[in-house]
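Shown next, in structure tokens, is the structure this report addresses.
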Amino acid sequence: MQGDGPAQGVCRIVVLLRFGDDNLVDVKLVTEPAEVVRYAMVRDAAWHQAVPRREFGVEPSK
């Protein structure tokens, strides 16, 4: 099902968003292949441990 896991395929870029006080304060593009692979590995590990929202019991706000 779409939206239930990381995107499939080859990752070539990572976009890091930094927030402060609910505002976007910085955007960093990561294109170094070794760094992109490291971020993809961390993302995949996080998805492996993630609990789907429907099982977490929290309804999205409208």
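Quick note on naming: the chains in the structure tokens go A, B, ... in the order shown, residues restart at 1 in each chain, and ligands are numbered from 1 in order of appearance.
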
Chain A: residues DSSP assigns to strand (DSSP E or B), reported as a short mmCIF file (atom, residue, chain, number, x, y, z; two decimals) with all heavy atoms, in the first residue's frame:
data_model
loop_
_atom_site.label_atom_id
_atom_site.label_comp_id
_atom_site.auth_asym_id
_atom_site.auth_seq_id
_atom_site.Cartn_x
_atom_site.Cartn_y
_atom_site.Cartn_z
N VAL A 14 19.27 13.50 -0.50
CA VAL A 14 18.58 13.60 0.78
C VAL A 14 18.36 15.07 1.03
O VAL A 14 19.25 15.89 0.81
CB VAL A 14 19.42 12.98 1.92
CG1 VAL A 14 18.79 13.25 3.27
CG2 VAL A 14 19.60 11.49 1.71
N VAL A 15 17.18 15.42 1.49
CA VAL A 15 16.87 16.79 1.85
C VAL A 15 16.64 16.83 3.36
O VAL A 15 15.74 16.19 3.87
CB VAL A 15 15.63 17.32 1.10
CG1 VAL A 15 15.34 18.76 1.50
CG2 VAL A 15 15.82 17.20 -0.39
N LEU A 16 17.51 17.56 4.06
CA LEU A 16 17.37 17.71 5.51
C LEU A 16 16.67 19.03 5.79
O LEU A 16 17.09 20.09 5.32
CB LEU A 16 18.76 17.71 6.17
CG LEU A 16 19.60 16.46 5.96
CD1 LEU A 16 20.99 16.64 6.56
CD2 LEU A 16 18.92 15.25 6.54
N LEU A 17 15.59 18.95 6.53
CA LEU A 17 14.82 20.14 6.90
C LEU A 17 15.03 20.39 8.39
O LEU A 17 14.82 19.50 9.20
CB LEU A 17 13.34 19.93 6.61
CG LEU A 17 12.98 19.52 5.18
CD1 LEU A 17 11.49 19.25 5.08
CD2 LEU A 17 13.41 20.57 4.19
N ARG A 18 15.44 21.59 8.74
CA ARG A 18 15.64 21.94 10.15
C ARG A 18 14.58 22.96 10.54
O ARG A 18 14.39 23.98 9.88
CB ARG A 18 17.03 22.53 10.37
CG ARG A 18 17.38 22.71 11.84
CD ARG A 18 18.85 22.97 12.05
NE ARG A 18 19.30 24.19 11.41
CZ ARG A 18 19.41 25.37 12.04
NH1 ARG A 18 19.12 25.48 13.30
NH2 ARG A 18 19.84 26.41 11.37
N PHE A 19 13.89 22.64 11.64
CA PHE A 19 12.82 23.50 12.12
C PHE A 19 13.20 24.11 13.46
O PHE A 19 13.94 23.52 14.23
CB PHE A 19 11.52 22.69 12.31
CG PHE A 19 10.91 22.25 11.01
CD1 PHE A 19 11.31 21.06 10.41
CD2 PHE A 19 9.96 23.03 10.39
CE1 PHE A 19 10.76 20.64 9.22
CE2 PHE A 19 9.40 22.62 9.19
CZ PHE A 19 9.79 21.43 8.60
N GLY A 20 12.67 25.29 13.72
CA GLY A 20 12.83 25.95 15.00
C GLY A 20 11.56 26.70 15.30
O GLY A 20 11.08 27.48 14.49
N ASN A 23 8.89 26.68 12.68
CA ASN A 23 9.21 27.33 11.40
C ASN A 23 10.40 26.63 10.76
O ASN A 23 11.34 26.23 11.43
CB ASN A 23 9.57 28.80 11.60
CG ASN A 23 8.41 29.61 12.13
OD1 ASN A 23 7.31 29.53 11.62
ND2 ASN A 23 8.66 30.36 13.18
N LEU A 24 10.36 26.51 9.45
CA LEU A 24 11.49 25.97 8.71
C LEU A 24 12.61 27.01 8.73
O LEU A 24 12.41 28.16 8.33
CB LEU A 24 11.08 25.66 7.27
CG LEU A 24 12.15 25.08 6.37
CD1 LEU A 24 12.61 23.72 6.88
CD2 LEU A 24 11.64 24.96 4.95
N VAL A 25 13.79 26.62 9.23
CA VAL A 25 14.88 27.58 9.33
C VAL A 25 16.06 27.24 8.43
O VAL A 25 16.91 28.10 8.19
CB VAL A 25 15.38 27.74 10.79
CG1 VAL A 25 14.29 28.34 11.65
CG2 VAL A 25 15.87 26.43 11.36
N ASP A 26 16.13 26.00 7.92
CA ASP A 26 17.26 25.64 7.07
C ASP A 26 16.91 24.41 6.24
O ASP A 26 16.17 23.54 6.68
CB ASP A 26 18.50 25.35 7.92
CG ASP A 26 19.77 25.19 7.10
OD1 ASP A 26 19.92 25.92 6.11
OD2 ASP A 26 20.60 24.33 7.45
N VAL A 27 17.46 24.37 5.03
CA VAL A 27 17.32 23.22 4.14
C VAL A 27 18.71 22.87 3.65
O VAL A 27 19.46 23.74 3.21
CB VAL A 27 16.41 23.54 2.92
CG1 VAL A 27 16.37 22.37 1.96
CG2 VAL A 27 15.02 23.93 3.39
N LYS A 28 19.08 21.60 3.77
CA LYS A 28 20.38 21.14 3.30
C LYS A 28 20.18 19.98 2.35
O LYS A 28 19.47 19.03 2.66
CB LYS A 28 21.23 20.69 4.49
CG LYS A 28 22.60 20.17 4.09
CD LYS A 28 23.39 19.70 5.31
CE LYS A 28 24.72 19.09 4.87
NZ LYS A 28 25.45 18.51 6.01
N LEU A 29 20.80 20.07 1.18
CA LEU A 29 20.76 18.99 0.20
C LEU A 29 22.02 18.15 0.36
O LEU A 29 23.12 18.68 0.35
CB LEU A 29 20.68 19.53 -1.22
CG LEU A 29 19.46 20.37 -1.56
CD1 LEU A 29 19.55 20.87 -2.99
CD2 LEU A 29 18.19 19.58 -1.35
N VAL A 30 21.84 16.85 0.51
CA VAL A 30 22.96 15.92 0.63
C VAL A 30 23.01 15.10 -0.65
O VAL A 30 22.02 14.43 -0.99
CB VAL A 30 22.79 15.00 1.85
CG1 VAL A 30 23.93 14.00 1.94
CG2 VAL A 30 22.67 15.81 3.13
#

Secondary structure check, alpha helix (DSSP H) residues of chain A, as a list in words = Pro33, Ala34, Glu35, Val36, Val37, Arg38, Tyr39, Ala40, Met41, Val42, Arg43, Asp44, Ala45, Ala46, Trp47, His48, Gln49, Arg53, Arg54, Glu55 and Phe56 of chain A

A:Thr31: which residues within 8 Å, counting only C-alpha atoms, same-chain residues fewer than 2 positions away excluded, as a PyMOL selection string?
-> chain A and resi 12-14+29+33+35-36

Preceding selection exported with N, CA and C atoms as a PDB file, in the first residue's frame:
ATOM      1  N   ARG A  12      19.200   9.162  -4.480  1.00  0.00           N
ATOM      2  CA  ARG A  12      20.351   9.925  -4.968  1.00  0.00           C
ATOM      3  C   ARG A  12      20.532  11.238  -4.243  1.00  0.00           C
ATOM      4  N   ILE A  13      19.508  11.630  -3.496  1.00  0.00           N
ATOM      5  CA  ILE A  13      19.580  12.911  -2.800  1.00  0.00           C
ATOM      6  C   ILE A  13      18.797  12.805  -1.497  1.00  0.00           C
ATOM      7  N   VAL A  14      19.275  13.500  -0.498  1.00  0.00           N
ATOM      8  CA  VAL A  14      18.579  13.597   0.777  1.00  0.00           C
ATOM      9  C   VAL A  14      18.358  15.073   1.035  1.00  0.00           C
ATOM     10  N   LEU A  29      20.799  20.071   1.180  1.00  0.00           N
ATOM     11  CA  LEU A  29      20.758  18.987   0.203  1.00  0.00           C
ATOM     12  C   LEU A  29      22.016  18.146   0.360  1.00  0.00           C
ATOM     13  N   PRO A  33      27.256  10.314  -2.337  1.00  0.00           N
ATOM     14  CA  PRO A  33      26.677   8.969  -2.352  1.00  0.00           C
ATOM     15  C   PRO A  33      26.795   8.199  -1.034  1.00  0.00           C
ATOM     16  N   GLU A  35      26.970   9.356   2.021  1.00  0.00           N
ATOM     17  CA  GLU A  35      26.054   9.942   3.005  1.00  0.00           C
ATOM     18  C   GLU A  35      24.610   9.579   2.688  1.00  0.00           C
ATOM     19  N   VAL A  36      24.254   9.609   1.400  1.00  0.00           N
ATOM     20  CA  VAL A  36      22.892   9.269   0.991  1.00  0.00           C
ATOM     21  C   VAL A  36      22.584   7.820   1.388  1.00  0.00           C
TER      22      VAL A  36
END
